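The structure under discussion appears below in the form of structure tokens.
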Amino acid sequence: MAKKKVATRLEREHLSKVASLGCLVCQRPANVHHIRPIGLGMGMRSGHYQTIPLCRDHHQGQFSIHNCKKEFEAMYGTEHEMLQKTLKEIENIEEANNFFNYNKGENND
Ligand SMILES: [Zn+2]
Ligand SMILES: [Zn+2]
């Protein structure tokens, strides 16, 4: 039962949901940024669930979470705050999706 680094199907689905939210700062098309892992116990199973969407500039640009982390967090909130926001938004989308799936009689996972 070696831990795989490769994302599972569910993880990939989650990652694409995260990216589809758009940049947390400017709403432009985003990539996912893996935040520094924090203690689990928040219902998250792996690092792939500790990701936030950021556009290229806010991810790795001159003023980005990678290049100016302190200033970036002071301005927009900490990685962990952004993670909470991300998960909340996905939860909301998921609730809406579940509603439709129930109506279709589908039961995934
Ligand atoms: Zn951005
Ligand atoms: Zn990153």
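Following the order of the structure tokens, chains are lettered A, B, ..., residues in each are numbered from 1, and ligands are numbered from 1.
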List the spatial neighbours of range 77-89 of chain A as a ChimeraX atom specification - criterion: any atom at most 9 Å away, only C-alpha atoms, same-chain residues fewer than 4 positions off excluded. /A:18,21,24,35-36,38,49-53,65,69-70,72-73,93-94
Site check for ligand 2: residues at most 6 Å away, only C-alpha atoms and all ligand atoms, as a VMD selection string: chain A and resid 33 to 34 59
Using only C-alpha atoms and all ligand atoms, find each protein or nucleic acid residue lying at most 10 Å from ligand 1; present the set as a list in words. Gly22, Cys23, Leu24, Val25, Cys26, Gln27, Arg28, Pro29, Ala30, Asn31, Pro53, Leu54, Cys55, Arg56, Asp57, His58, His59, Gln60, Gly61 and Ser64 of chain A
Selected residues written out with N, CA and C atoms, as a PDB file, in the first residue's frame:
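Printed below is selection-v7.pdb as written:
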```
ATOM      1  N   GLY A  22     -11.192  29.792 -10.830  1.00  0.00           N
ATOM      2  CA  GLY A  22     -10.508  31.010 -11.245  1.00  0.00           C
ATOM      3  C   GLY A  22      -9.670  31.561 -10.108  1.00  0.00           C
ATOM      4  N   CYS A  23      -8.751  32.448 -10.447  1.00  0.00           N
ATOM      5  CA  CYS A  23      -7.825  33.008  -9.465  1.00  0.00           C
ATOM      6  C   CYS A  23      -8.585  33.615  -8.289  1.00  0.00           C
ATOM      7  N   LEU A  24      -8.148  33.293  -7.070  1.00  0.00           N
ATOM      8  CA  LEU A  24      -8.800  33.809  -5.861  1.00  0.00           C
ATOM      9  C   LEU A  24      -8.675  35.330  -5.766  1.00  0.00           C
ATOM     10  N   VAL A  25      -7.637  35.858  -6.388  1.00  0.00           N
ATOM     11  CA  VAL A  25      -7.393  37.290  -6.268  1.00  0.00           C
ATOM     12  C   VAL A  25      -8.089  38.067  -7.379  1.00  0.00           C
ATOM     13  N   CYS A  26      -7.981  37.584  -8.605  1.00  0.00           N
ATOM     14  CA  CYS A  26      -8.460  38.404  -9.729  1.00  0.00           C
ATOM     15  C   CYS A  26      -9.437  37.675 -10.644  1.00  0.00           C
ATOM     16  N   GLN A  27      -9.772  36.427 -10.322  1.00  0.00           N
ATOM     17  CA  GLN A  27     -10.765  35.661 -11.081  1.00  0.00           C
ATOM     18  C   GLN A  27     -10.342  35.283 -12.501  1.00  0.00           C
ATOM     19  N   ARG A  28      -9.099  35.531 -12.831  1.00  0.00           N
ATOM     20  CA  ARG A  28      -8.663  35.100 -14.161  1.00  0.00           C
ATOM     21  C   ARG A  28      -8.451  33.588 -14.152  1.00  0.00           C
ATOM     22  N   PRO A  29      -8.335  32.984 -15.351  1.00  0.00           N
ATOM     23  CA  PRO A  29      -8.092  31.533 -15.400  1.00  0.00           C
ATOM     24  C   PRO A  29      -6.902  31.156 -14.542  1.00  0.00           C
ATOM     25  N   ALA A  30      -7.040  30.073 -13.796  1.00  0.00           N
ATOM     26  CA  ALA A  30      -6.051  29.755 -12.772  1.00  0.00           C
ATOM     27  C   ALA A  30      -5.456  28.365 -12.927  1.00  0.00           C
ATOM     28  N   ASN A  31      -4.309  28.213 -12.337  1.00  0.00           N
ATOM     29  CA  ASN A  31      -3.714  26.906 -12.080  1.00  0.00           C
ATOM     30  C   ASN A  31      -3.851  26.635 -10.601  1.00  0.00           C
ATOM     31  N   PRO A  53      -6.689  28.024  -6.225  1.00  0.00           N
ATOM     32  CA  PRO A  53      -6.514  28.481  -7.602  1.00  0.00           C
ATOM     33  C   PRO A  53      -5.875  29.863  -7.661  1.00  0.00           C
ATOM     34  N   LEU A  54      -4.840  29.983  -8.456  1.00  0.00           N
ATOM     35  CA  LEU A  54      -4.192  31.278  -8.654  1.00  0.00           C
ATOM     36  C   LEU A  54      -3.784  31.393 -10.124  1.00  0.00           C
ATOM     37  N   CYS A  55      -3.948  32.583 -10.686  1.00  0.00           N
ATOM     38  CA  CYS A  55      -3.526  32.790 -12.068  1.00  0.00           C
ATOM     39  C   CYS A  55      -2.000  32.805 -12.112  1.00  0.00           C
ATOM     40  N   ARG A  56      -1.459  32.852 -13.317  1.00  0.00           N
ATOM     41  CA  ARG A  56      -0.012  32.761 -13.444  1.00  0.00           C
ATOM     42  C   ARG A  56       0.693  33.893 -12.692  1.00  0.00           C
ATOM     43  N   ASP A  57       0.151  35.098 -12.804  1.00  0.00           N
ATOM     44  CA  ASP A  57       0.785  36.233 -12.137  1.00  0.00           C
ATOM     45  C   ASP A  57       0.760  36.094 -10.623  1.00  0.00           C
ATOM     46  N   HIS A  58      -0.403  35.749 -10.093  1.00  0.00           N
ATOM     47  CA  HIS A  58      -0.502  35.647  -8.636  1.00  0.00           C
ATOM     48  C   HIS A  58       0.105  34.361  -8.098  1.00  0.00           C
ATOM     49  N   HIS A  59       0.351  33.416  -8.985  1.00  0.00           N
ATOM     50  CA  HIS A  59       0.973  32.175  -8.555  1.00  0.00           C
ATOM     51  C   HIS A  59       2.494  32.291  -8.573  1.00  0.00           C
ATOM     52  N   GLN A  60       3.028  32.696  -9.742  1.00  0.00           N
ATOM     53  CA  GLN A  60       4.487  32.698  -9.857  1.00  0.00           C
ATOM     54  C   GLN A  60       5.062  33.956 -10.474  1.00  0.00           C
ATOM     55  N   GLY A  61       4.229  34.995 -10.529  1.00  0.00           N
ATOM     56  CA  GLY A  61       4.716  36.257 -11.092  1.00  0.00           C
ATOM     57  C   GLY A  61       5.573  37.041 -10.113  1.00  0.00           C
ATOM     58  N   SER A  64       3.758  37.429  -6.229  1.00  0.00           N
ATOM     59  CA  SER A  64       2.987  36.193  -6.201  1.00  0.00           C
ATOM     60  C   SER A  64       3.217  35.456  -4.902  1.00  0.00           C
TER      61      SER A  64
END
```
One decimal, Å: what's the distance from CA of Val6 in chain A over to CA of Ala96 in chain A, could you say?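 Answer for the CA of Val6 in chain A to CA of Ala96 in chain A separation: 28.5 Å.
Coordinates place CA of Pro37 in chain A at a distance of 19.9 Å from CA of Glu71 in chain A.
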Which residues in range 22-84 of chain A does DSSP call strand (DSSP E or B)? List them as a ChimeraX atom specification. /A:31-34,51-54
Could you work out how far CA of Asn97 in chain A lies from CA of Arg12 in chain A, giving the answer in Å with one decimal?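 Value for the CA of Arg12 in chain A-CA of Asn97 in chain A distance: 17.3 Å.
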For the alpha helix (DSSP H) assignment from backbone DSSP, which residues of range 44-102 of chain A qualify? Please present them as number ranges by chain. A: 56-60, 69-76, 79-102
